[in-house]
Amino acid sequence: MNNPNPKTLYDKLWDTHFVGSRSDNGDLLYIDLHMVHEVTSPQAFEGLKIKGIGPRRLDSIVATVDHNVPTTDRSKGLRGIKDTISRDQIQALQINCHDFGIDLIDLNDLNQGIVHVVGPEQGFTQPGMTIVCGDSHTSTHGAFGCLAMGIGTSEVEHVLATQCLVMNKQKNMRISINGPLKKNVFAKDLTMFLIGKIGTAGGTGHVIEYDGSTIESLSMEGRMTVCNMAIEAGARAGMIAPDQKTFDYLKSKPHSPKGNEYEKALEYWKTFHSDENSNFDTVHNFFAEEIEPQVTWGTSPEMVIGVKDRIPSKEDYSSQTERNNFEAALDYMGLSAGDSLENYSLDQIFIGSCTNSRIEDLRKAAEILDGNVISKKIKRAMIVPGSGLVKKQAEEEGLHETFITSGFEWREPGCSMCLGMNPDQLGEKERCASTSNRNFEGRQGHLGRTHLVSPAMAAAAALAGNFIDISS
Amino acid sequence: MNKSISNIFSGEAVFLDKANVDTDQIIPKQFLKSIKRTGFGPNLFDAWRYLDKGDLNSDNSKRKLNPDFILNHDLYKSCNILITRENFGCGSSREHAVWALTDYGFTTIIAPSFADIFKNNSYKNGLLLIEIDKEKIDEIFTQITEKQIINIEVDVHNQFIYLEENQIPFELDDFKKKFLLDGIDEVGFTLQHQNKIEDFEKSYKKTVPWLFK
């Protein structure tokens with residue numbers, strides 16, 4: 001039977017949440033879940049207080065602290081945070097949540113963690129939802145078949161007050177990836193490879209739906225890693241249609257519907273997929289067999305190569321702007337054109353962030369580290385679990401013992417060195433293999449040099465003291 | 001009430017010759033610890049602008065400026081229009097990037113393209129973004145290099161910029177234009193459509209009762 005009006009996943013998410021158009025033609029999109037953290041919310045709460053209004057739906061909001069929190073001993077709670085400016089910001093969230101009656105997963109709560117790890121593992125994130133957070137990596141939640149977008153602080157205030165986001169419908173891109181991934185090639189390599197192909201502005205103005213047999217074969221953790229970096233391809237949202245893996249993942253989560261409600265929700269969730277013959281504005285197709293373990297060499301996520309490839313040369317770029325950017329990146333990173341990345345010693349290893357701090361990531365790192373000790377060249381290697389629950393699970397499996405024995409520091413959950421707002425930072429010119437999502441200048445510390453990789457590559461590089469080919 | 005911009009204004013432009021300028025460069029993370037919306041201007045492009053590493057406690061007037069950074073040249077110190085390359089404002093959603101640009105004194109950014117979240121944050125704070133072709137940007141770059149400084153007139157209402165002899169049109173959404181020119185408080189404006197939100201909510205609640213606690 002032919003569907004006369006085939007819709008994409010994005011069309012369905014848009015249509016089920018479209019409230020109406022304002023008189024100025026801005027569309028109002030209804031928001032189901034609003035996740036809040038300490039860095040981008042204080043000015044929004046201040047705005048509400050000045051206007052004398054409160055959040056429209058408290059049951060749609062969940063807050064946690066993650067960006068600023070120390071990942072060392074937190075037994076003294078807020079009082080134990082030495083950086084007074086960070087402490088004030090965390091305290092501001094505590095006060096705002098208290099004043100407005102918002103549920104806060106606080107510093108020493110077992111469920112605390114990176115907002116994009118907490119949402120799914122608590123079952124707040126469910127298929128068919130619209131989700132926003134004042135953080136660009138909100139795209140992560142799209143792995144469950146949601147429209148999940150990062151927003152600015154004015155938008156945080158707007159959503160709190162009105163339950164709506166103002167926008168116009170964006171273009172729809174489909175990226176299909178088919179075939180099995182090679183040995184030691186993971187979701188992280190896949191998502192970095194795609195950014196290398198379409199560029200950091202490739203998805204601008206679009207939302208991206210990922211599909212194909214490679215995507216289907218990924219675990220929910222892997223799918224989150226893929227959608228997490230949609231924003232690094234310029235797309236505000238990445239999404240993957242839910243399937244049996246999604247439904248199984250959600251069944252036992254604390255905040256997902258239970259009993260009869262689960263059955264009802266399940267029927268609803270199953271409608272969220274792109275119909276056959278639905279129309280996309282832009283389509284890309286790739287084969288998983290093309291993908292090698294990826295490492296970024298430059299200061300933008302699109303500056304990425306396979307570990308066996310050579311760092312590019314000036315001649316590889318056609319325009320003067322590209323050449324200027326290439327030279328600036330190479331100079332900042334302290335690398336030589338045409339060289340192999342294996343020739344550069346590493347100073348630090350960071351395994352963590354909303355991209356790669358889930359249990360599957362830690363298991364993979366532990367499997368590679370098992371019984372080995374990290375290179376003497378490494379000044380510091382740390383593993384920062386994404387949440388208290390991930391930490392607990394890892395400890396139950398004994399993974400932490402493997403990490404500690406091999407020379408890694410085993411930390412408390414938070415964003416940590418992904419953006420270095422807390423004390424976890426790179427020193428000047430220190431080179432780091434990092435499982436995070438951004439290799440921008442200074443991202444992990446003033447003049448620090450970041451190479452983005454998968455957890456397996458980070459662990460292997462920790463043992464070798466430099467990047468090595470893990471594909472054989 | 002948000003900041004509004006004038007219908008027609010003119011200014012001097014400075015050219016930042018870089019593509020993919022990310023919001024981490026516009027305002028580095030250590031300044032995001034502030035719980036205010038103001039005071040970010042002195043730390044705009046902090047890592048490029050100063051030779052040392054600053055933080056919220058730094059006295060910026062005592063810090064050593066990077067003489068090679070374009071905004072530090074005497075010629076460009078009072079510029080209010082920034083011209084740059086593609087994909088400006090990519091990366092993090094931090095609205096602090098826009099607050100830093102406006103606090104510094106920029107009213108307008110001209111580039112071939114901007115990142116999506118940055119675009120939204122800009123119009124809500126009275127920062128006008130103008131997208132024009134890459135080739136046009138190249139021409140302006142040549143002009144600036146020759147003349148060092150150029151004046152630009154911006155006609156927001158009719159959506160043109162005037163640059164020397166050139167009249168260049170630009171696109172601007174109706175709703176963004178309205179907010180830029182009128183400086184309306186957006187929350188208040190949306191709440192004028194509260195009936196629509198309530199009607200939607202009533203029927204939506206029947207579809208997904210498990211999302212309402």
# chains A, B, ... in the order shown; residues from 1 in each chain; ligands from 1
>>> residues_around(residues="Asn120 of chain B", least_positions_apart="5", cutoff="12 Å", atoms="only C-alpha atoms", output="PyMOL selection string")
(chain A and resi 26+150-156+165-168+205+236) or (chain B and resi 89+93-95+97-98+114-115+125-129+173+175-176+179-180)
>>> write_last_selection(atoms="C-alpha atoms", output="PDB file, in the first residue's frame")
ATOM      1  CA  GLY A  26       8.157  32.574  14.132  1.00  0.00           C
ATOM      2  CA  GLY A 150      21.223  22.891  22.109  1.00  0.00           C
ATOM      3  CA  ILE A 151      19.907  26.366  22.903  1.00  0.00           C
ATOM      4  CA  GLY A 152      21.280  29.677  24.166  1.00  0.00           C
ATOM      5  CA  THR A 153      20.499  31.237  27.518  1.00  0.00           C
ATOM      6  CA  SER A 154      17.752  33.552  26.202  1.00  0.00           C
ATOM      7  CA  GLU A 155      16.103  30.448  24.759  1.00  0.00           C
ATOM      8  CA  VAL A 156      16.506  28.654  28.105  1.00  0.00           C
ATOM      9  CA  LEU A 165      11.080  27.177  21.356  1.00  0.00           C
ATOM     10  CA  VAL A 166      10.794  29.727  18.552  1.00  0.00           C
ATOM     11  CA  MET A 167      12.196  28.571  15.259  1.00  0.00           C
ATOM     12  CA  ASN A 168      11.380  27.793  11.666  1.00  0.00           C
ATOM     13  CA  GLY A 205      20.676  24.721   8.584  1.00  0.00           C
ATOM     14  CA  ARG A 236      21.749  21.477  15.629  1.00  0.00           C
TER      15      ARG A 236
ATOM     16  CA  GLY B  89      30.220  31.181  15.784  1.00  0.00           C
ATOM     17  CA  SER B  93      25.863  27.180  22.370  1.00  0.00           C
ATOM     18  CA  ARG B  94      27.229  29.747  24.850  1.00  0.00           C
ATOM     19  CA  GLU B  95      25.280  33.000  24.486  1.00  0.00           C
ATOM     20  CA  ALA B  97      29.860  34.767  22.842  1.00  0.00           C
ATOM     21  CA  VAL B  98      27.190  37.196  21.663  1.00  0.00           C
ATOM     22  CA  PHE B 114      27.132  31.580  10.566  1.00  0.00           C
ATOM     23  CA  ALA B 115      26.484  28.585  12.813  1.00  0.00           C
ATOM     24  CA  ASN B 125      20.615  40.363  21.793  1.00  0.00           C
ATOM     25  CA  GLY B 126      20.419  42.979  19.072  1.00  0.00           C
ATOM     26  CA  LEU B 127      23.456  41.731  17.161  1.00  0.00           C
ATOM     27  CA  LEU B 128      22.836  41.937  13.417  1.00  0.00           C
ATOM     28  CA  LEU B 129      24.310  39.123  11.308  1.00  0.00           C
ATOM     29  CA  ASP B 173      13.830  36.635   8.477  1.00  0.00           C
ATOM     30  CA  PHE B 175      10.703  37.597  12.855  1.00  0.00           C
ATOM     31  CA  LYS B 176      14.373  38.308  13.381  1.00  0.00           C
ATOM     32  CA  PHE B 179      13.032  41.687  17.147  1.00  0.00           C
ATOM     33  CA  LEU B 180      16.172  43.504  16.052  1.00  0.00           C
TER      34      LEU B 180
END
>>> interface_residues(of="chain A", to="chain B", cutoff="7 Å", atoms="only C-alpha atoms", output="ChimeraX atom specification")
/A:19-20,22,24-26,39-40,42-43,59,85-86,89,134-136,150-153,158,161-162,201,204-205,232,234,236,257,261,321,325,421,443,446
>>> write_last_selection(atoms="C-alpha atoms", output="JSON list (two decimals), in the first residue's frame")
[["chain", "number", "residue", "atom", "x", "y", "z"],
["A", 19, "VAL", "CA", 1.92, 24.66, 18.40],
["A", 20, "GLY", "CA", 1.35, 27.34, 15.79],
["A", 22, "ARG", "CA", 3.26, 33.71, 16.03],
["A", 24, "ASP", "CA", 5.66, 37.54, 13.18],
["A", 25, "ASN", "CA", 5.85, 34.07, 11.52],
["A", 26, "GLY", "CA", 8.16, 32.57, 14.13],
["A", 39, "VAL", "CA", 26.74, 27.34, 33.37],
["A", 40, "THR", "CA", 24.07, 28.54, 30.94],
["A", 42, "PRO", "CA", 21.80, 31.65, 35.94],
["A", 43, "GLN", "CA", 21.02, 34.55, 33.58],
["A", 59, "ASP", "CA", 7.51, 18.23, 35.50],
["A", 85, "ILE", "CA", 33.75, 31.48, 41.24],
["A", 86, "SER", "CA", 32.83, 27.90, 40.27],
["A", 89, "GLN", "CA", 27.85, 29.25, 40.00],
["A", 134, "GLY", "CA", 21.62, 25.10, 27.16],
["A", 135, "ASP", "CA", 24.40, 22.99, 25.74],
["A", 136, "SER", "CA", 25.17, 22.25, 22.11],
["A", 150, "GLY", "CA", 21.22, 22.89, 22.11],
["A", 151, "ILE", "CA", 19.91, 26.37, 22.90],
["A", 152, "GLY", "CA", 21.28, 29.68, 24.17],
["A", 153, "THR", "CA", 20.50, 31.24, 27.52],
["A", 158, "HIS", "CA", 11.97, 31.39, 26.88],
["A", 161, "ALA", "CA", 8.50, 30.53, 30.68],
["A", 162, "THR", "CA", 6.50, 29.35, 27.66],
["A", 201, "ALA", "CA", 29.48, 23.48, 8.35],
["A", 204, "THR", "CA", 24.38, 23.92, 8.95],
["A", 205, "GLY", "CA", 20.68, 24.72, 8.58],
["A", 232, "GLU", "CA", 30.35, 19.30, 15.13],
["A", 234, "GLY", "CA", 27.07, 22.04, 12.01],
["A", 236, "ARG", "CA", 21.75, 21.48, 15.63],
["A", 257, "PRO", "CA", 6.79, 4.66, 31.65],
["A", 261, "GLU", "CA", 1.78, 3.00, 30.21],
["A", 321, "THR", "CA", 41.46, 30.89, 3.40],
["A", 325, "ASN", "CA", 43.51, 27.95, 8.43],
["A", 421, "MET", "CA", 36.12, 24.69, 33.34],
["A", 443, "ARG", "CA", 39.51, 24.09, 24.61],
["A", 446, "HIS", "CA", 45.31, 27.57, 27.43]]
>>> residues_around(residues="segment 149-158 of chain B", least_positions_apart="4", cutoff="8 Å", atoms="only C-alpha atoms", output="list in words")
Ser6, Asn7, Ile8, Phe9, Ser10, Gly11, Glu12, Ala13, Val14, Leu75, Tyr76, Gln143, Ile144, Tyr162, Leu163, Glu164 and Lys177 of chain B
>>> write_last_selection(atoms="all heavy atoms", output="compact mmCIF listing (two decimals), in the first residue's frame")
# COMPACT_ATOMS: atom_id res chain seq x y z
N SER B 6 19.20 50.46 15.27
CA SER B 6 18.61 51.50 14.43
C SER B 6 18.29 50.93 13.06
O SER B 6 18.89 49.96 12.62
CB SER B 6 19.58 52.65 14.26
OG SER B 6 20.14 53.00 15.48
N ASN B 7 17.37 51.61 12.41
CA ASN B 7 16.97 51.22 11.07
C ASN B 7 18.11 51.38 10.07
O ASN B 7 18.36 50.52 9.23
CB ASN B 7 15.81 52.13 10.67
CG ASN B 7 14.83 51.39 9.83
OD1 ASN B 7 15.19 50.40 9.20
ND2 ASN B 7 13.61 51.86 9.82
N ILE B 8 18.79 52.50 10.18
CA ILE B 8 19.94 52.75 9.32
C ILE B 8 21.09 53.22 10.20
O ILE B 8 20.90 54.07 11.06
CB ILE B 8 19.63 53.86 8.27
CG1 ILE B 8 18.51 53.39 7.35
CG2 ILE B 8 20.88 54.21 7.47
CD1 ILE B 8 18.13 54.40 6.28
N PHE B 9 22.24 52.63 10.01
CA PHE B 9 23.40 53.10 10.77
C PHE B 9 24.66 52.85 9.95
O PHE B 9 24.66 52.10 8.98
CB PHE B 9 23.49 52.42 12.14
CG PHE B 9 23.62 50.92 12.08
CD1 PHE B 9 24.89 50.32 12.04
CD2 PHE B 9 22.51 50.11 12.07
CE1 PHE B 9 25.02 48.94 11.99
CE2 PHE B 9 22.63 48.72 12.01
CZ PHE B 9 23.88 48.14 11.97
N SER B 10 25.72 53.52 10.35
CA SER B 10 26.97 53.30 9.63
C SER B 10 28.09 53.04 10.63
O SER B 10 27.93 53.29 11.83
CB SER B 10 27.30 54.49 8.75
OG SER B 10 27.47 55.61 9.58
N GLY B 11 29.17 52.51 10.12
CA GLY B 11 30.27 52.22 11.03
C GLY B 11 31.53 51.87 10.28
O GLY B 11 31.53 51.79 9.05
N GLU B 12 32.59 51.72 11.05
CA GLU B 12 33.86 51.32 10.47
C GLU B 12 34.04 49.83 10.68
O GLU B 12 33.68 49.29 11.72
CB GLU B 12 35.00 52.09 11.15
CG GLU B 12 35.00 53.55 10.79
CD GLU B 12 36.12 54.31 11.47
OE1 GLU B 12 36.78 53.75 12.37
OE2 GLU B 12 36.34 55.48 11.10
N ALA B 13 34.63 49.18 9.66
CA ALA B 13 34.73 47.73 9.70
C ALA B 13 36.16 47.25 9.89
O ALA B 13 37.10 47.84 9.38
CB ALA B 13 34.16 47.15 8.41
N VAL B 14 36.29 46.17 10.65
CA VAL B 14 37.57 45.50 10.80
C VAL B 14 37.42 44.10 10.23
O VAL B 14 36.36 43.48 10.36
CB VAL B 14 38.04 45.49 12.28
CG1 VAL B 14 37.00 44.87 13.19
CG2 VAL B 14 39.38 44.76 12.44
N LEU B 75 44.25 51.60 14.52
CA LEU B 75 43.30 51.90 13.43
C LEU B 75 41.91 51.31 13.67
O LEU B 75 40.90 51.87 13.25
CB LEU B 75 43.83 51.28 12.14
CG LEU B 75 44.50 52.14 11.10
CD1 LEU B 75 44.97 51.26 9.96
CD2 LEU B 75 43.54 53.21 10.59
N TYR B 76 41.89 50.14 14.28
CA TYR B 76 40.63 49.38 14.35
C TYR B 76 39.97 49.40 15.72
O TYR B 76 39.00 48.70 15.96
CB TYR B 76 40.89 47.93 13.92
CG TYR B 76 41.43 47.82 12.51
CD1 TYR B 76 42.72 47.34 12.26
CD2 TYR B 76 40.66 48.23 11.42
CE1 TYR B 76 43.22 47.26 10.96
CE2 TYR B 76 41.15 48.16 10.13
CZ TYR B 76 42.43 47.68 9.90
OH TYR B 76 42.91 47.60 8.63
N GLN B 143 39.70 45.31 -0.69
CA GLN B 143 39.50 46.75 -0.46
C GLN B 143 40.08 47.20 0.87
O GLN B 143 40.75 48.22 0.97
CB GLN B 143 38.01 47.09 -0.47
CG GLN B 143 37.42 47.18 -1.85
CD GLN B 143 35.94 47.53 -1.80
OE1 GLN B 143 35.33 47.55 -0.74
NE2 GLN B 143 35.38 47.81 -2.95
N ILE B 144 39.82 46.40 1.91
CA ILE B 144 40.30 46.77 3.25
C ILE B 144 41.82 46.74 3.28
O ILE B 144 42.47 47.61 3.86
CB ILE B 144 39.71 45.84 4.34
CG1 ILE B 144 38.24 46.15 4.53
CG2 ILE B 144 40.47 45.97 5.65
CD1 ILE B 144 37.63 45.69 5.83
N TYR B 162 25.75 49.34 2.22
CA TYR B 162 26.40 50.22 1.25
C TYR B 162 27.87 50.31 1.61
O TYR B 162 28.22 50.63 2.75
CB TYR B 162 25.78 51.62 1.28
CG TYR B 162 24.33 51.59 0.85
CD1 TYR B 162 23.32 51.45 1.80
CD2 TYR B 162 23.98 51.69 -0.49
CE1 TYR B 162 21.99 51.39 1.42
CE2 TYR B 162 22.65 51.64 -0.88
CZ TYR B 162 21.66 51.49 0.09
OH TYR B 162 20.35 51.44 -0.29
N LEU B 163 28.69 50.01 0.62
CA LEU B 163 30.12 49.91 0.86
C LEU B 163 30.79 50.56 -0.34
O LEU B 163 30.68 50.04 -1.45
CB LEU B 163 30.42 48.43 0.97
CG LEU B 163 31.75 47.88 1.39
CD1 LEU B 163 31.54 46.46 1.83
CD2 LEU B 163 32.75 47.93 0.28
N GLU B 164 31.40 51.71 -0.11
CA GLU B 164 31.96 52.48 -1.22
C GLU B 164 30.86 52.66 -2.28
O GLU B 164 29.81 53.17 -1.97
CB GLU B 164 33.20 51.78 -1.81
CG GLU B 164 34.26 51.47 -0.77
CD GLU B 164 35.02 52.69 -0.29
OE1 GLU B 164 35.43 53.51 -1.12
OE2 GLU B 164 35.20 52.84 0.94
N LYS B 177 13.98 40.30 12.06
CA LYS B 177 14.01 41.74 11.78
C LYS B 177 13.17 42.49 12.81
O LYS B 177 13.59 43.52 13.35
CB LYS B 177 13.47 41.99 10.37
CG LYS B 177 13.56 43.43 9.94
CD LYS B 177 13.80 43.50 8.45
CE LYS B 177 12.74 44.10 7.64
NZ LYS B 177 12.99 44.05 6.21
>>> residues_around(residues="segment 71-84 of chain A", least_positions_apart="6", cutoff="10 Å", atoms="only C-alpha atoms", output="PDB file with N, CA and C atoms, in the first residue's frame")
ATOM      1  N   ILE A  90      27.681  27.027  40.977  1.00  0.00           N
ATOM      2  CA  ILE A  90      26.974  25.804  41.385  1.00  0.00           C
ATOM      3  C   ILE A  90      25.919  26.151  42.433  1.00  0.00           C
ATOM      4  N   GLN A  91      26.315  27.024  43.352  1.00  0.00           N
ATOM      5  CA  GLN A  91      25.367  27.436  44.397  1.00  0.00           C
ATOM      6  C   GLN A  91      24.176  28.195  43.796  1.00  0.00           C
ATOM      7  N   ASP A 106      21.941  16.755  42.581  1.00  0.00           N
ATOM      8  CA  ASP A 106      23.025  17.595  43.109  1.00  0.00           C
ATOM      9  C   ASP A 106      24.370  16.866  43.170  1.00  0.00           C
ATOM     10  N   LEU A 107      25.362  17.658  43.539  1.00  0.00           N
ATOM     11  CA  LEU A 107      26.764  17.255  43.508  1.00  0.00           C
ATOM     12  C   LEU A 107      27.058  15.843  44.022  1.00  0.00           C
ATOM     13  N   ASN A 108      26.519  15.490  45.164  1.00  0.00           N
ATOM     14  CA  ASN A 108      26.868  14.193  45.733  1.00  0.00           C
ATOM     15  C   ASN A 108      25.762  13.146  45.611  1.00  0.00           C
ATOM     16  N   ILE A 383      40.495   8.873  33.754  1.00  0.00           N
ATOM     17  CA  ILE A 383      39.201   8.389  33.272  1.00  0.00           C
ATOM     18  C   ILE A 383      38.131   9.015  34.146  1.00  0.00           C
ATOM     19  N   VAL A 384      37.219   9.736  33.482  1.00  0.00           N
ATOM     20  CA  VAL A 384      36.154  10.439  34.198  1.00  0.00           C
ATOM     21  C   VAL A 384      34.819   9.856  33.745  1.00  0.00           C
ATOM     22  N   PRO A 385      34.215   9.012  34.580  1.00  0.00           N
ATOM     23  CA  PRO A 385      32.936   8.403  34.176  1.00  0.00           C
ATOM     24  C   PRO A 385      31.860   9.464  33.987  1.00  0.00           C
ATOM     25  N   GLU A 409      44.178   7.721  36.527  1.00  0.00           N
ATOM     26  CA  GLU A 409      43.448   8.248  37.678  1.00  0.00           C
ATOM     27  C   GLU A 409      41.970   7.958  37.450  1.00  0.00           C
ATOM     28  N   TRP A 410      41.296   7.554  38.501  1.00  0.00           N
ATOM     29  CA  TRP A 410      39.870   7.192  38.430  1.00  0.00           C
ATOM     30  C   TRP A 410      39.082   8.270  39.151  1.00  0.00           C
ATOM     31  N   ARG A 411      38.308   9.067  38.397  1.00  0.00           N
ATOM     32  CA  ARG A 411      37.747  10.303  38.924  1.00  0.00           C
ATOM     33  C   ARG A 411      36.247  10.231  39.205  1.00  0.00           C
ATOM     34  N   GLU A 412      35.753  11.320  39.777  1.00  0.00           N
ATOM     35  CA  GLU A 412      34.312  11.494  40.004  1.00  0.00           C
ATOM     36  C   GLU A 412      33.677  12.048  38.717  1.00  0.00           C
ATOM     37  N   PRO A 413      32.360  11.814  38.507  1.00  0.00           N
ATOM     38  CA  PRO A 413      31.725  12.197  37.234  1.00  0.00           C
ATOM     39  C   PRO A 413      31.582  13.700  36.995  1.00  0.00           C
ATOM     40  N   GLY A 414      31.722  14.096  35.739  1.00  0.00           N
ATOM     41  CA  GLY A 414      31.542  15.493  35.336  1.00  0.00           C
ATOM     42  C   GLY A 414      32.101  15.716  33.938  1.00  0.00           C
ATOM     43  N   CYS A 415      31.991  16.941  33.446  1.00  0.00           N
ATOM     44  CA  CYS A 415      32.476  17.269  32.094  1.00  0.00           C
ATOM     45  C   CYS A 415      34.005  17.316  32.042  1.00  0.00           C
ATOM     46  N   SER A 416      34.595  17.733  33.152  1.00  0.00           N
ATOM     47  CA  SER A 416      36.043  17.636  33.319  1.00  0.00           C
ATOM     48  C   SER A 416      36.830  18.264  32.180  1.00  0.00           C
ATOM     49  N   MET A 417      37.839  17.548  31.692  1.00  0.00           N
ATOM     50  CA  MET A 417      38.785  18.135  30.744  1.00  0.00           C
ATOM     51  C   MET A 417      38.237  18.266  29.323  1.00  0.00           C
ATOM     52  N   ASN A 422      36.728  23.177  35.107  1.00  0.00           N
ATOM     53  CA  ASN A 422      37.145  22.817  36.459  1.00  0.00           C
ATOM     54  C   ASN A 422      38.686  22.701  36.432  1.00  0.00           C
ATOM     55  N   PRO A 423      39.333  22.252  37.502  1.00  0.00           N
ATOM     56  CA  PRO A 423      40.810  22.232  37.479  1.00  0.00           C
ATOM     57  C   PRO A 423      41.434  21.227  36.491  1.00  0.00           C
ATOM     58  N   ASP A 424      40.657  20.361  35.857  1.00  0.00           N
ATOM     59  CA  ASP A 424      41.231  19.364  34.941  1.00  0.00           C
ATOM     60  C   ASP A 424      41.540  20.029  33.606  1.00  0.00           C
TER      61      ASP A 424
END
>>> residues_around(residues="segment 298-313 of chain A", least_positions_apart="3", cutoff="7 Å", atoms="only C-alpha atoms", output="PyMOL selection string")
chain A and resi 195-196+199-200+232+292-295+316+329-330+333+337-340+438-441+469
>>> write_last_selection(atoms="N, CA and C atoms", output="tab-separated table (two decimals), in the first residue's frame")
chain	number	residue	atom	x	y	z
A	195	ILE	N	32.27	13.81	9.83
A	195	ILE	CA	32.57	15.25	9.93
A	195	ILE	C	33.71	15.61	8.97
A	196	GLY	N	34.70	14.71	8.89
A	196	GLY	CA	35.79	14.92	7.94
A	196	GLY	C	35.28	14.99	6.51
A	199	GLY	N	32.35	18.18	6.58
A	199	GLY	CA	32.87	19.44	7.12
A	199	GLY	C	32.06	19.96	8.29
A	200	THR	N	32.66	20.88	9.04
A	200	THR	CA	32.00	21.38	10.26
A	200	THR	C	30.80	22.27	9.95
A	232	GLU	N	29.01	19.04	15.69
A	232	GLU	CA	30.35	19.30	15.13
A	232	GLU	C	30.32	19.26	13.60
A	292	GLU	N	38.76	3.99	8.89
A	292	GLU	CA	39.89	3.54	9.71
A	292	GLU	C	39.77	4.21	11.09
A	293	PRO	N	40.52	3.75	12.08
A	293	PRO	CA	40.53	4.48	13.35
A	293	PRO	C	40.94	5.94	13.10
A	294	GLN	N	40.16	6.88	13.60
A	294	GLN	CA	40.35	8.30	13.29
A	294	GLN	C	41.09	9.05	14.40
A	295	VAL	N	41.88	10.03	13.98
A	295	VAL	CA	42.55	10.94	14.92
A	295	VAL	C	42.47	12.34	14.32
A	316	ASP	N	47.23	20.39	-0.39
A	316	ASP	CA	45.95	19.68	-0.36
A	316	ASP	C	44.76	20.65	-0.31
A	329	ALA	N	46.50	26.09	12.13
A	329	ALA	CA	46.21	24.89	12.92
A	329	ALA	C	47.48	24.07	13.14
A	330	LEU	N	48.25	23.91	12.08
A	330	LEU	CA	49.47	23.11	12.16
A	330	LEU	C	50.45	23.73	13.16
A	333	MET	N	49.22	23.35	16.72
A	333	MET	CA	49.34	21.97	17.19
A	333	MET	C	50.79	21.49	17.26
A	337	ALA	N	53.71	19.30	8.35
A	337	ALA	CA	52.90	18.82	7.23
A	337	ALA	C	53.48	17.52	6.69
A	338	GLY	N	52.60	16.60	6.32
A	338	GLY	CA	53.02	15.35	5.70
A	338	GLY	C	53.60	14.31	6.65
A	339	ASP	N	53.64	14.64	7.92
A	339	ASP	CA	54.22	13.73	8.91
A	339	ASP	C	53.19	12.67	9.36
A	340	SER	N	53.67	11.66	10.07
A	340	SER	CA	52.76	10.68	10.66
A	340	SER	C	52.48	11.10	12.10
A	438	ARG	N	35.67	18.29	20.97
A	438	ARG	CA	36.16	19.52	20.35
A	438	ARG	C	37.66	19.67	20.54
A	439	ASN	N	38.33	19.96	19.43
A	439	ASN	CA	39.78	20.17	19.47
A	439	ASN	C	40.12	21.63	19.21
A	440	PHE	N	39.19	22.52	19.54
A	440	PHE	CA	39.41	23.95	19.32
A	440	PHE	C	40.63	24.42	20.11
A	441	GLU	N	41.25	25.50	19.63
A	441	GLU	CA	42.37	26.12	20.36
A	441	GLU	C	41.95	26.38	21.81
A	469	ASP	N	48.63	2.37	15.25
A	469	ASP	CA	47.60	1.74	14.44
A	469	ASP	C	46.99	0.58	15.22
>>> residues_around(residues="Lys364 of chain A", least_positions_apart="5", cutoff="10 Å", atoms="only C-alpha atoms", output="list in words")
Asn184, Ile359, Leu369, Asp370, Leu399, Ser454, Pro455, Ala456, Met457 and Ala459 of chain A
>>> select_by_dssp(residues="segment 18-186 of chain B", states="helix (DSSP H, G or I)", output="MDAnalysis selection string")
chainID B and resid 23:26 29:33 41:43 46:49 60:62 70:72 74:76 96:104 116:123 134:147 174:182 186
>>> residues_around(residues="Lys270 of chain A", least_positions_apart="6", cutoff="10 Å", atoms="only C-alpha atoms", output="list in words")
Pro127, Gly128, Gly145, Ala241, Pro242, Asp243, Gln244 and Phe247 of chain A
>>> decode(residues="segment 36-55 of chain A", atoms="C-alpha atoms", output="PDB file, in the first residue's frame")
ATOM      1  CA  VAL A  36      19.377  22.493  32.935  1.00  0.00           C
ATOM      2  CA  HIS A  37      22.955  22.849  34.184  1.00  0.00           C
ATOM      3  CA  GLU A  38      24.873  25.463  36.132  1.00  0.00           C
ATOM      4  CA  VAL A  39      26.739  27.342  33.375  1.00  0.00           C
ATOM      5  CA  THR A  40      24.073  28.543  30.939  1.00  0.00           C
ATOM      6  CA  SER A  41      21.113  28.908  33.319  1.00  0.00           C
ATOM      7  CA  PRO A  42      21.798  31.652  35.936  1.00  0.00           C
ATOM      8  CA  GLN A  43      21.024  34.553  33.581  1.00  0.00           C
ATOM      9  CA  ALA A  44      17.832  32.775  32.436  1.00  0.00           C
ATOM     10  CA  PHE A  45      16.572  32.324  35.994  1.00  0.00           C
ATOM     11  CA  GLU A  46      17.468  35.938  36.711  1.00  0.00           C
ATOM     12  CA  GLY A  47      15.324  36.941  33.720  1.00  0.00           C
ATOM     13  CA  LEU A  48      12.357  35.003  35.120  1.00  0.00           C
ATOM     14  CA  LYS A  49      12.797  36.611  38.512  1.00  0.00           C
ATOM     15  CA  ILE A  50      12.887  40.102  36.989  1.00  0.00           C
ATOM     16  CA  LYS A  51       9.687  39.330  35.060  1.00  0.00           C
ATOM     17  CA  GLY A  52       8.093  37.811  38.132  1.00  0.00           C
ATOM     18  CA  ILE A  53       7.158  34.552  36.392  1.00  0.00           C
ATOM     19  CA  GLY A  54       8.037  30.917  37.010  1.00  0.00           C
ATOM     20  CA  PRO A  55       8.599  27.850  34.824  1.00  0.00           C
TER      21      PRO A  55
END
